[in-house]
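Peer 1: Let me begin by handing over the structure; questions about it come next.
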Amino acid sequence: MNTAGARFLLACALASAIGANASPNLCGADEQDWPAERVRFGQAPIDSRVAADRPAGKHGFLEARGESFAFADGTPARFFGVNVVAGAIFRSTDEEIDRHAERIARLGFNLVRLHHHDSSGWVRDSLIAPGETSRGIAPAALAKLDRWFARLRDQGVYVWLDLHTGRPFRAGDEIPGFGEVDGTKLRSGGTGQGFSYVNPRLEELILEFAVALLTHRNPWTKLRYVDDPALALVLITNENDLVSHFGNRLSAREHPWHRARLLALAAVFAARTGADIRQLEQTWAPGPARLFLAQIERDWAQRVRLRLRSAGLRVPITLTSFWSKESFAALAALGAEDFVDVHAYGSGLPLRADPRVRGGFIARIAAGQVAGRPLTVSEWNLAEPPQERRFDTPMWLAGVASLQGWDALVLYAYAQRALQKPGASSSYLSAGDPSIIALAPAAALAYRRGDISAAKRRFVVRLSRRDAFESDRRPEGSPAISTLVERSRVSVELPETSELPWAARAAISTDETVSDLDASFVPADAQRVSSDSGELQRDFSLGIAVIDTARTQAASGEIAHQQLRLSGVRIEARNHAAVAFSSLDGLPLERSRRVLVTVAARSCAVNGSAQRFRSEPVRGSAVLRGGFARVLTPLAPDGERGATIILARVGGASRLDLDFGSHWALIEPTASQSPAQ
């Protein structure tokens, strides 16, 4: 989920480590005056559900069409989602599952990735039943998964399923070379990462489980998962690759059984390509080994895909994710899939990052946009420890994703422990975190509704053979990508190679081809970067990001004591925050008769709780243009309306105090204003 060298070690231990220890970002003496529980676990302030989109699946199965998704009836598809993980799936009560499925939809999310469903160790319950083998599926756990699926489906929320994540293989599985895979000897828990690509028995076991799960009939829906169009996307194996992470396991001399399999495949590849087999063994080194490992990944994906399709799976499939500071070589096999998925975690102050110097996590996402393929981000967040300014990111990421035309943003994570008792707060448990979840409705509206225009110009970064395979070049250190991503649409194109003939370039139109990864598209003396649509601007010298469209206008970051003049709103805050205005009736803000105002600043966990937070009030004022008198009504966390406030009129506009006692408020016409006025 994040970090580089040690990231794969966290894949099986993340939640338990976080939940067992005291969380950072606790409320201290300075925060005791902040109001508590302005976000309440299990409740939502507004209802973002769209009746016409319920139940999920009513538009038919999802399809990959060029660089976008669409449903079978032609309806375009764009997903704003969350991860529901491990114990949150299996240890939540039925009542909590029902309540949170509805809350997730009300908050604006339309996709849930059900993740770590096969993990154990740190996950007390999972789909993998106890025993000598890992082949049994636990009936009680499966019943919980079925309920989540059905309840989300009813609410208009689609489901993403991974088929292999943290399953610990066991001695009774009769795996050749099991001593090399055994979790008691590997710190990653014996999940088969890396080994699965060359061990036929591991492949067979992974497929056996996948087919059994996908062809299982959900008693709530009366449909097998493969026959239910509410299943949107499938990832074969989570964070499991050879090119950047686990290839060295296969070449290690302490793993002789798997090393022999690798060398046998190397001999075949060398015979076909003329490569030096000694170089193919150097799985840690840039060069021929990268091409060889990409070929193994592709061959494995093709075999698995064929089996899944024969089992009836119709929705888009991808192999694994582009994650943890991988080099561009990882895109070879991923770019041949139905879509490319990315995991990206920010750190520090992303809005302060100079794109000419540091690309950050948004540049990593952009690098995953392989020309001709849809792009999903099945994990995004800010890394541990919880960043004070978490409110900086949601609106800006939704803006950049819209500019780029990315197809899914999925927050990691909504929850990963039982919802009735979720444990300590963390960066990866956002369901009760005001700095993140309070902004979800506004970000979802902007992104899903298409309020932010796609970029006007298209650039294709054409990687050389050296950039892609003969170096460790990464997106974060590639100014061409990091300086384009907030300006114009950018895609990446891999080089044609005789060794990988299947990695063909897609035929797409482009305004400009870029071959120099060190080229900068932000002038040397610039302090800000602006989209070519004119709707997004980030001043990295100040750490402020602005979205200015007809229906969504927002500012995030270090906005204290700045006069931010947008086309329909003027914002003057006295502390750093995120402030968003969203039209709820589809009209431009100055004519809208129902506007959602969202404010969020810092927050801290009360006694480390994942459910109870204190929220820093957003102090300051805003002026909303419009030719009619308006009132403001604060919304409680459950959507109940507070006392109505008549807004003062200032030169044909309405002035409001941003400290209105909630994260959300509605602005509507006064009772004297008729709809026609």
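Residues in the structure tokens are named by chain (A, B, ... in the order shown) and by number from 1 within that chain; ligands are numbered from 1 in the order shown.
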Sorted by chain and rising residue number, which residues of stretch 367-457 of chain A lie within 12 Å of stretch 114-131 of chain A, and what are their closest atom pairs and distances in Å to one decimal, counting only C-alpha atoms, as a Markdown table?
Peer 2:
```
| residue | atom | partner | partner_atom | distance |
| --- | --- | --- | --- | --- |
| A:Ser378 | CA | A:His115 | CA | 10.1 |
| A:Glu379 | CA | A:His115 | CA | 10.6 |
| A:Val410 | CA | A:Leu114 | CA | 11.1 |
| A:Leu411 | CA | A:His115 | CA | 12.0 |
| A:Tyr412 | CA | A:His115 | CA | 9.9 |
| A:Ala413 | CA | A:His115 | CA | 9.6 |
| A:Tyr414 | CA | A:Leu114 | CA | 10.5 |
| A:Ala415 | CA | A:His115 | CA | 10.5 |
| A:Gln416 | CA | A:His115 | CA | 9.0 |
| A:Arg417 | CA | A:Val123 | CA | 8.8 |
| A:Ala418 | CA | A:Arg124 | CA | 10.6 |
```
Peer 1: List the neighbours of A:Glu203 out to 10 Å using only C-alpha atoms; skip same-chain residues closer than 5 positions along the sequence, and give me the result as JSON, numbers by chain.
Peer 2: {"A": [192, 195, 196, 197, 198, 208, 300, 303, 304]}
Peer 1: Those selected residues, please, written with all heavy atoms and delivered as an mmCIF file, in the first residue's frame.
Peer 2:
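Below you can see again.cif, which holds the result:
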```cif
data_model
loop_
_atom_site.group_PDB
_atom_site.id
_atom_site.type_symbol
_atom_site.label_atom_id
_atom_site.label_comp_id
_atom_site.auth_asym_id
_atom_site.auth_seq_id
_atom_site.Cartn_x
_atom_site.Cartn_y
_atom_site.Cartn_z
ATOM 1 N N GLY A 192 2.913 -16.650 -1.523
ATOM 2 C CA GLY A 192 3.232 -17.073 -2.884
ATOM 3 C C GLY A 192 3.656 -15.963 -3.804
ATOM 4 O O GLY A 192 3.828 -16.187 -5.011
ATOM 5 N N PHE A 195 6.644 -16.458 -6.420
ATOM 6 C CA PHE A 195 6.683 -17.893 -6.701
ATOM 7 C C PHE A 195 5.516 -18.341 -7.578
ATOM 8 O O PHE A 195 5.636 -19.284 -8.357
ATOM 9 C CB PHE A 195 6.664 -18.685 -5.390
ATOM 10 C CG PHE A 195 7.820 -18.401 -4.481
ATOM 11 C CD1 PHE A 195 7.605 -17.902 -3.203
ATOM 12 C CD2 PHE A 195 9.127 -18.629 -4.888
ATOM 13 C CE1 PHE A 195 8.667 -17.640 -2.353
ATOM 14 C CE2 PHE A 195 10.201 -18.373 -4.050
ATOM 15 C CZ PHE A 195 9.974 -17.872 -2.778
ATOM 16 N N SER A 196 4.371 -17.667 -7.447
ATOM 17 C CA SER A 196 3.178 -18.100 -8.178
ATOM 18 C C SER A 196 3.377 -18.064 -9.687
ATOM 19 O O SER A 196 2.699 -18.795 -10.421
ATOM 20 C CB SER A 196 1.987 -17.207 -7.806
ATOM 21 O OG SER A 196 2.257 -15.846 -8.102
ATOM 22 N N TYR A 197 4.307 -17.249 -10.172
ATOM 23 C CA TYR A 197 4.500 -17.110 -11.614
ATOM 24 C C TYR A 197 5.185 -18.320 -12.248
ATOM 25 O O TYR A 197 5.074 -18.524 -13.460
ATOM 26 C CB TYR A 197 5.319 -15.848 -11.906
ATOM 27 C CG TYR A 197 4.529 -14.568 -11.749
ATOM 28 C CD1 TYR A 197 4.599 -13.820 -10.572
ATOM 29 C CD2 TYR A 197 3.718 -14.109 -12.767
ATOM 30 C CE1 TYR A 197 3.881 -12.647 -10.424
ATOM 31 C CE2 TYR A 197 2.989 -12.928 -12.633
ATOM 32 C CZ TYR A 197 3.072 -12.205 -11.458
ATOM 33 O OH TYR A 197 2.351 -11.044 -11.314
ATOM 34 N N VAL A 198 5.904 -19.112 -11.449
ATOM 35 C CA VAL A 198 6.642 -20.235 -12.032
ATOM 36 C C VAL A 198 6.282 -21.573 -11.390
ATOM 37 O O VAL A 198 6.820 -22.607 -11.796
ATOM 38 C CB VAL A 198 8.170 -20.013 -11.915
ATOM 39 C CG1 VAL A 198 8.581 -18.726 -12.622
ATOM 40 C CG2 VAL A 198 8.626 -20.007 -10.464
ATOM 41 N N GLU A 208 -8.165 -22.277 -8.572
ATOM 42 C CA GLU A 208 -9.217 -23.066 -7.929
ATOM 43 C C GLU A 208 -10.065 -22.180 -7.022
ATOM 44 O O GLU A 208 -11.303 -22.222 -7.050
ATOM 45 C CB GLU A 208 -8.587 -24.203 -7.129
ATOM 46 C CG GLU A 208 -9.579 -25.066 -6.357
ATOM 47 C CD GLU A 208 -8.863 -26.072 -5.469
ATOM 48 O OE1 GLU A 208 -8.190 -25.650 -4.509
ATOM 49 O OE2 GLU A 208 -8.986 -27.285 -5.751
ATOM 50 N N TRP A 300 1.760 -15.696 -17.575
ATOM 51 C CA TRP A 300 0.941 -16.135 -16.446
ATOM 52 C C TRP A 300 -0.428 -15.466 -16.490
ATOM 53 O O TRP A 300 -1.460 -16.114 -16.298
ATOM 54 C CB TRP A 300 1.664 -15.786 -15.140
ATOM 55 C CG TRP A 300 1.099 -16.427 -13.917
ATOM 56 C CD1 TRP A 300 1.238 -17.710 -13.522
ATOM 57 C CD2 TRP A 300 0.310 -15.787 -12.905
ATOM 58 N NE1 TRP A 300 0.594 -17.928 -12.320
ATOM 59 C CE2 TRP A 300 0.015 -16.757 -11.927
ATOM 60 C CE3 TRP A 300 -0.169 -14.489 -12.731
ATOM 61 C CZ2 TRP A 300 -0.746 -16.472 -10.789
ATOM 62 C CZ3 TRP A 300 -0.927 -14.204 -11.599
ATOM 63 C CH2 TRP A 300 -1.203 -15.188 -10.642
ATOM 64 N N ARG A 303 -2.675 -17.115 -19.099
ATOM 65 C CA ARG A 303 -3.231 -18.403 -18.686
ATOM 66 C C ARG A 303 -4.371 -18.223 -17.684
ATOM 67 O O ARG A 303 -5.419 -18.874 -17.790
ATOM 68 C CB ARG A 303 -2.135 -19.287 -18.083
ATOM 69 C CG ARG A 303 -1.053 -19.730 -19.043
ATOM 70 C CD ARG A 303 -0.213 -20.862 -18.472
ATOM 71 N NE ARG A 303 0.441 -20.540 -17.215
ATOM 72 C CZ ARG A 303 1.645 -19.967 -17.129
ATOM 73 N NH1 ARG A 303 2.298 -19.620 -18.233
ATOM 74 N NH2 ARG A 303 2.194 -19.732 -15.949
ATOM 75 N N VAL A 304 -4.157 -17.344 -16.717
ATOM 76 C CA VAL A 304 -5.186 -17.109 -15.705
ATOM 77 C C VAL A 304 -6.421 -16.492 -16.341
ATOM 78 O O VAL A 304 -7.562 -16.881 -16.057
ATOM 79 C CB VAL A 304 -4.639 -16.216 -14.575
ATOM 80 C CG1 VAL A 304 -5.747 -15.827 -13.613
ATOM 81 C CG2 VAL A 304 -3.514 -16.922 -13.836
#
```
Peer 1: Can you work out which one of A:Pro350, A:Gly626, A:Pro288, A:Gly534 has the shortest atom-to-atom distance to A:Phe391, counting only C-alpha atoms?
Peer 2: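 Ranked by minimum distance to A:Phe391, first place goes to A:Pro350.
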Peer 1: Please return as a PyMOL selection string: the residues of stretch 297-515 of chain A that backbone DSSP assigns to alpha helix (DSSP H).
Peer 2: chain A and resi 297-310+331-334+360-367+393-404+434-437+440-449+465-469+479-482
Peer 1: Taking 2 positions as the minimum chain separation for residues in the same chain, which residues sit within 10 Å of stretch 58-75 of chain A when counting only C-alpha atoms? Answer as a tab-separated table (two decimals) with N, CA and C atoms, in the first residue's frame.
Peer 2:
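Below is the file out_20.tsv, written as the result:
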```
chain	number	residue	atom	x	y	z
A	52	ALA	N	-31.77	6.54	-10.44
A	52	ALA	CA	-31.68	5.95	-11.77
A	52	ALA	C	-30.53	4.96	-11.90
A	53	ASP	N	-29.59	4.98	-10.95
A	53	ASP	CA	-28.43	4.09	-11.02
A	53	ASP	C	-28.54	2.91	-10.06
A	54	ARG	N	-29.71	2.73	-9.45
A	54	ARG	CA	-29.91	1.63	-8.52
A	54	ARG	C	-30.85	0.60	-9.11
A	55	PRO	N	-30.57	-0.70	-8.86
A	55	PRO	CA	-29.38	-1.24	-8.21
A	55	PRO	C	-28.17	-1.18	-9.12
A	56	ALA	N	-26.99	-1.35	-8.56
A	56	ALA	CA	-25.79	-1.44	-9.38
A	56	ALA	C	-25.96	-2.60	-10.36
A	77	ALA	N	-18.94	5.16	-17.55
A	77	ALA	CA	-18.73	4.74	-16.16
A	77	ALA	C	-17.49	5.43	-15.62
A	78	ARG	N	-17.64	6.03	-14.45
A	78	ARG	CA	-16.52	6.60	-13.71
A	78	ARG	C	-16.78	6.31	-12.24
A	79	PHE	N	-15.74	5.84	-11.53
A	79	PHE	CA	-15.93	5.33	-10.17
A	79	PHE	C	-15.15	6.15	-9.15
A	153	ARG	N	-24.85	-3.50	-3.75
A	153	ARG	CA	-25.57	-3.57	-5.02
A	153	ARG	C	-26.90	-2.84	-4.93
A	156	GLY	N	-26.66	0.89	-5.24
A	156	GLY	CA	-26.08	1.45	-6.46
A	156	GLY	C	-24.57	1.51	-6.44
A	227	ASP	N	-22.14	-13.76	-12.98
A	227	ASP	CA	-23.34	-13.41	-13.72
A	227	ASP	C	-23.97	-12.11	-13.24
A	228	ASP	N	-23.34	-11.46	-12.27
A	228	ASP	CA	-23.92	-10.26	-11.67
A	228	ASP	C	-23.19	-9.03	-12.20
A	229	PRO	N	-23.88	-8.17	-12.95
A	229	PRO	CA	-23.20	-6.98	-13.49
A	229	PRO	C	-22.85	-5.94	-12.43
A	230	ALA	N	-23.22	-6.18	-11.15
A	230	ALA	CA	-22.74	-5.30	-10.08
A	230	ALA	C	-21.27	-5.55	-9.77
A	231	LEU	N	-20.74	-6.69	-10.21
A	231	LEU	CA	-19.29	-6.93	-10.15
A	231	LEU	C	-18.67	-6.16	-11.30
A	232	ALA	N	-17.86	-5.16	-10.97
A	232	ALA	CA	-17.36	-4.25	-12.00
A	232	ALA	C	-15.97	-4.61	-12.50
A	233	LEU	N	-15.04	-4.91	-11.57
A	233	LEU	CA	-13.64	-5.06	-11.92
A	233	LEU	C	-13.01	-6.18	-11.12
A	314	ARG	N	-16.94	-11.84	-17.25
A	314	ARG	CA	-17.08	-10.95	-18.41
A	314	ARG	C	-16.49	-9.57	-18.20
A	315	VAL	N	-16.26	-9.17	-16.97
A	315	VAL	CA	-15.86	-7.80	-16.69
A	315	VAL	C	-14.37	-7.61	-16.92
A	316	PRO	N	-13.90	-6.36	-16.99
A	316	PRO	CA	-12.46	-6.11	-17.20
A	316	PRO	C	-11.59	-6.72	-16.11
A	317	ILE	N	-10.44	-7.26	-16.52
A	317	ILE	CA	-9.49	-7.94	-15.64
A	317	ILE	C	-8.13	-7.25	-15.78
A	338	ASP	N	-6.64	-5.42	-19.55
A	338	ASP	CA	-7.84	-4.67	-19.91
A	338	ASP	C	-7.78	-3.25	-19.39
A	339	PHE	N	-7.12	-3.05	-18.26
A	339	PHE	CA	-6.92	-1.72	-17.70
A	339	PHE	C	-5.66	-1.76	-16.84
A	340	VAL	N	-5.12	-0.60	-16.53
A	340	VAL	CA	-3.94	-0.48	-15.67
A	340	VAL	C	-4.39	0.07	-14.33
A	369	GLN	N	-1.02	5.74	-16.83
A	369	GLN	CA	-1.94	5.93	-17.95
A	369	GLN	C	-1.27	5.49	-19.25
A	370	VAL	N	-1.21	4.18	-19.43
A	370	VAL	CA	-0.66	3.63	-20.66
A	370	VAL	C	-1.61	3.96	-21.81
A	371	ALA	N	-1.07	4.48	-22.87
A	371	ALA	CA	-1.90	4.90	-23.99
A	371	ALA	C	-2.79	3.75	-24.46
A	372	GLY	N	-4.09	4.03	-24.56
A	372	GLY	CA	-5.03	3.05	-25.06
A	372	GLY	C	-5.71	2.20	-24.01
A	373	ARG	N	-5.40	2.42	-22.72
A	373	ARG	CA	-5.98	1.61	-21.66
A	373	ARG	C	-6.66	2.50	-20.62
A	374	PRO	N	-7.78	2.05	-20.03
A	374	PRO	CA	-8.34	2.77	-18.88
A	374	PRO	C	-7.37	2.72	-17.71
A	375	LEU	N	-7.53	3.68	-16.80
A	375	LEU	CA	-6.66	3.77	-15.63
A	375	LEU	C	-7.51	3.81	-14.37
A	376	THR	N	-7.16	2.95	-13.41
A	376	THR	CA	-7.80	2.97	-12.10
A	376	THR	C	-6.74	3.19	-11.03
A	405	GLY	N	-8.95	12.38	-17.19
A	405	GLY	CA	-9.86	11.34	-17.65
A	405	GLY	C	-9.60	9.99	-17.02
A	406	TRP	N	-9.01	9.97	-15.81
A	406	TRP	CA	-8.82	8.69	-15.13
A	406	TRP	C	-10.17	8.12	-14.74
A	407	ASP	N	-10.24	6.80	-14.60
A	407	ASP	CA	-11.53	6.12	-14.59
A	407	ASP	C	-12.01	5.67	-13.21
A	408	ALA	N	-11.14	5.60	-12.22
A	408	ALA	CA	-11.57	5.21	-10.88
A	408	ALA	C	-10.56	5.72	-9.86
A	506	ALA	N	-0.66	1.50	-28.86
A	506	ALA	CA	-2.04	1.78	-29.24
A	506	ALA	C	-2.08	2.99	-30.16
A	507	ALA	N	-2.99	2.95	-31.11
A	507	ALA	CA	-3.13	4.07	-32.05
A	507	ALA	C	-4.03	5.12	-31.41
A	508	ILE	N	-3.45	6.21	-30.93
A	508	ILE	CA	-4.22	7.30	-30.32
A	508	ILE	C	-3.76	8.62	-30.92
```
Peer 1: Just the residues within 12 Å of A:Ala622, please, counting only C-alpha atoms, with nothing from its chain fewer than 2 positions along; format it as a short mmCIF file (atom, residue, chain, number, x, y, z; two decimals) with N, CA, C and O atoms, in the first residue's frame.
Peer 2:
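As a result, around.cif now contains:
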```
data_model
loop_
_atom_site.label_atom_id
_atom_site.label_comp_id
_atom_site.auth_asym_id
_atom_site.auth_seq_id
_atom_site.Cartn_x
_atom_site.Cartn_y
_atom_site.Cartn_z
N GLN A 553 -16.68 24.89 -7.21
CA GLN A 553 -15.58 25.83 -6.99
C GLN A 553 -15.03 25.55 -5.60
O GLN A 553 -15.79 25.43 -4.63
N ALA A 554 -13.72 25.39 -5.52
CA ALA A 554 -13.11 24.95 -4.27
C ALA A 554 -11.69 25.48 -4.16
O ALA A 554 -11.01 25.72 -5.17
N ALA A 555 -11.24 25.61 -2.91
CA ALA A 555 -9.85 25.96 -2.62
C ALA A 555 -9.38 25.08 -1.47
O ALA A 555 -10.12 24.83 -0.52
N GLN A 562 -5.52 34.60 2.63
CA GLN A 562 -5.45 34.83 1.19
C GLN A 562 -6.83 35.24 0.70
O GLN A 562 -7.84 34.71 1.16
N GLN A 563 -6.90 36.16 -0.24
CA GLN A 563 -8.16 36.49 -0.89
C GLN A 563 -8.22 35.70 -2.18
O GLN A 563 -7.51 35.99 -3.14
N LEU A 564 -9.06 34.67 -2.19
CA LEU A 564 -9.16 33.78 -3.34
C LEU A 564 -10.44 34.13 -4.10
O LEU A 564 -11.55 33.90 -3.63
N ARG A 565 -10.25 34.69 -5.27
CA ARG A 565 -11.38 35.14 -6.09
C ARG A 565 -11.61 34.16 -7.22
O ARG A 565 -10.86 34.12 -8.19
N LEU A 566 -12.65 33.36 -7.10
CA LEU A 566 -13.05 32.43 -8.14
C LEU A 566 -14.18 33.08 -8.94
O LEU A 566 -14.66 34.16 -8.59
N GLY A 568 -17.31 32.51 -9.24
CA GLY A 568 -18.58 32.72 -8.57
C GLY A 568 -18.48 32.87 -7.07
O GLY A 568 -19.50 33.10 -6.40
N VAL A 569 -17.28 32.71 -6.52
CA VAL A 569 -17.10 32.69 -5.07
C VAL A 569 -15.83 33.45 -4.69
O VAL A 569 -14.82 33.36 -5.40
N ARG A 570 -15.89 34.17 -3.59
CA ARG A 570 -14.68 34.75 -3.02
C ARG A 570 -14.51 34.16 -1.62
O ARG A 570 -15.43 34.17 -0.82
N ILE A 571 -13.32 33.60 -1.36
CA ILE A 571 -13.06 32.92 -0.09
C ILE A 571 -11.96 33.66 0.66
O ILE A 571 -10.89 33.92 0.10
N GLU A 572 -12.21 33.95 1.93
CA GLU A 572 -11.22 34.58 2.80
C GLU A 572 -11.21 33.82 4.12
O GLU A 572 -12.03 34.07 5.00
N ALA A 573 -10.30 32.87 4.24
CA ALA A 573 -10.20 32.05 5.45
C ALA A 573 -9.09 32.57 6.35
O ALA A 573 -8.12 33.18 5.86
N ARG A 574 -9.22 32.29 7.64
CA ARG A 574 -8.19 32.71 8.58
C ARG A 574 -7.34 31.53 9.06
O ARG A 574 -6.43 31.73 9.88
N VAL A 579 -12.28 24.41 1.31
CA VAL A 579 -13.62 24.99 1.22
C VAL A 579 -14.15 24.70 -0.17
O VAL A 579 -13.48 25.01 -1.17
N ALA A 580 -15.34 24.11 -0.26
CA ALA A 580 -15.89 23.73 -1.56
C ALA A 580 -17.35 24.15 -1.65
O ALA A 580 -18.12 24.00 -0.69
N PHE A 581 -17.72 24.66 -2.81
CA PHE A 581 -19.11 25.00 -3.14
C PHE A 581 -19.54 24.11 -4.31
O PHE A 581 -18.89 24.11 -5.35
N VAL A 597 -22.24 23.56 0.70
CA VAL A 597 -20.97 24.15 1.15
C VAL A 597 -20.28 23.13 2.04
O VAL A 597 -20.88 22.61 2.98
N THR A 598 -19.02 22.83 1.74
CA THR A 598 -18.24 21.88 2.53
C THR A 598 -16.99 22.58 3.05
O THR A 598 -16.28 23.24 2.28
N VAL A 599 -16.73 22.45 4.33
CA VAL A 599 -15.51 23.00 4.92
C VAL A 599 -14.83 21.92 5.75
O VAL A 599 -15.49 21.13 6.42
N VAL A 618 -13.35 25.95 10.65
CA VAL A 618 -12.83 26.76 9.55
C VAL A 618 -13.33 28.18 9.77
O VAL A 618 -14.53 28.45 9.71
N ARG A 619 -12.40 29.07 10.01
CA ARG A 619 -12.76 30.45 10.35
C ARG A 619 -12.55 31.33 9.12
O ARG A 619 -11.59 31.16 8.39
N GLY A 620 -13.46 32.27 8.97
CA GLY A 620 -13.37 33.16 7.83
C GLY A 620 -14.74 33.35 7.20
O GLY A 620 -15.78 33.04 7.80
N LEU A 624 -20.81 34.45 -2.15
CA LEU A 624 -21.31 33.68 -3.29
C LEU A 624 -22.15 34.59 -4.17
O LEU A 624 -23.15 35.18 -3.72
N ARG A 625 -21.75 34.71 -5.41
CA ARG A 625 -22.50 35.54 -6.35
C ARG A 625 -23.88 34.95 -6.60
O ARG A 625 -24.09 33.75 -6.53
N LEU A 647 -28.59 35.02 4.94
CA LEU A 647 -27.29 35.53 4.51
C LEU A 647 -27.39 37.00 4.13
O LEU A 647 -28.33 37.43 3.44
N ALA A 648 -26.40 37.74 4.59
CA ALA A 648 -26.35 39.16 4.26
C ALA A 648 -26.06 39.34 2.77
O ALA A 648 -25.31 38.56 2.16
N ARG A 649 -26.66 40.37 2.19
CA ARG A 649 -26.43 40.68 0.78
C ARG A 649 -25.33 41.73 0.67
O ARG A 649 -25.35 42.76 1.37
N VAL A 650 -24.35 41.45 -0.20
CA VAL A 650 -23.22 42.36 -0.39
C VAL A 650 -23.04 42.55 -1.89
O VAL A 650 -22.53 41.65 -2.58
N ALA A 653 -24.48 39.81 -4.02
CA ALA A 653 -23.98 38.49 -3.65
C ALA A 653 -24.37 38.19 -2.21
O ALA A 653 -24.82 39.07 -1.47
N SER A 654 -24.17 36.92 -1.80
CA SER A 654 -24.51 36.49 -0.45
C SER A 654 -23.24 36.21 0.33
O SER A 654 -22.36 35.48 -0.14
N ARG A 655 -23.15 36.77 1.54
CA ARG A 655 -21.97 36.59 2.37
C ARG A 655 -22.29 35.60 3.48
O ARG A 655 -23.33 35.66 4.13
N LEU A 656 -21.38 34.65 3.72
CA LEU A 656 -21.57 33.65 4.77
C LEU A 656 -20.33 33.51 5.62
O LEU A 656 -19.20 33.69 5.14
N ASP A 657 -20.54 33.18 6.88
CA ASP A 657 -19.47 32.86 7.81
C ASP A 657 -19.15 31.38 7.64
O ASP A 657 -20.05 30.54 7.67
N LEU A 658 -17.88 31.04 7.48
CA LEU A 658 -17.49 29.64 7.26
C LEU A 658 -17.55 28.81 8.53
O LEU A 658 -17.59 27.57 8.46
N ASP A 659 -17.57 29.44 9.68
CA ASP A 659 -17.68 28.69 10.94
C ASP A 659 -19.17 28.59 11.30
O ASP A 659 -19.64 29.24 12.22
N PHE A 660 -19.89 27.74 10.56
CA PHE A 660 -21.34 27.62 10.77
C PHE A 660 -21.70 26.40 11.61
O PHE A 660 -22.86 25.98 11.65
#
```
Peer 1: For stretch 468-470 of chain A, find every residue with an atom within 7 Å (counting only C-alpha atoms), except residues of its own chain fewer than 6 positions away, and show them as a list in words.
Peer 2: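 Within the cut-off, the hits are Pro286, Gly287, Arg290, Leu291, Phe328, Ala329 and Leu494 of chain A.
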Peer 1: Expressed in Å to a single decimal, how great is the separation between atom CA of A:Pro441 and atom CA of A:Arg593?
Peer 2: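 Straight-line distance from atom CA of A:Pro441 to atom CA of A:Arg593 works out to 17.9 Å.
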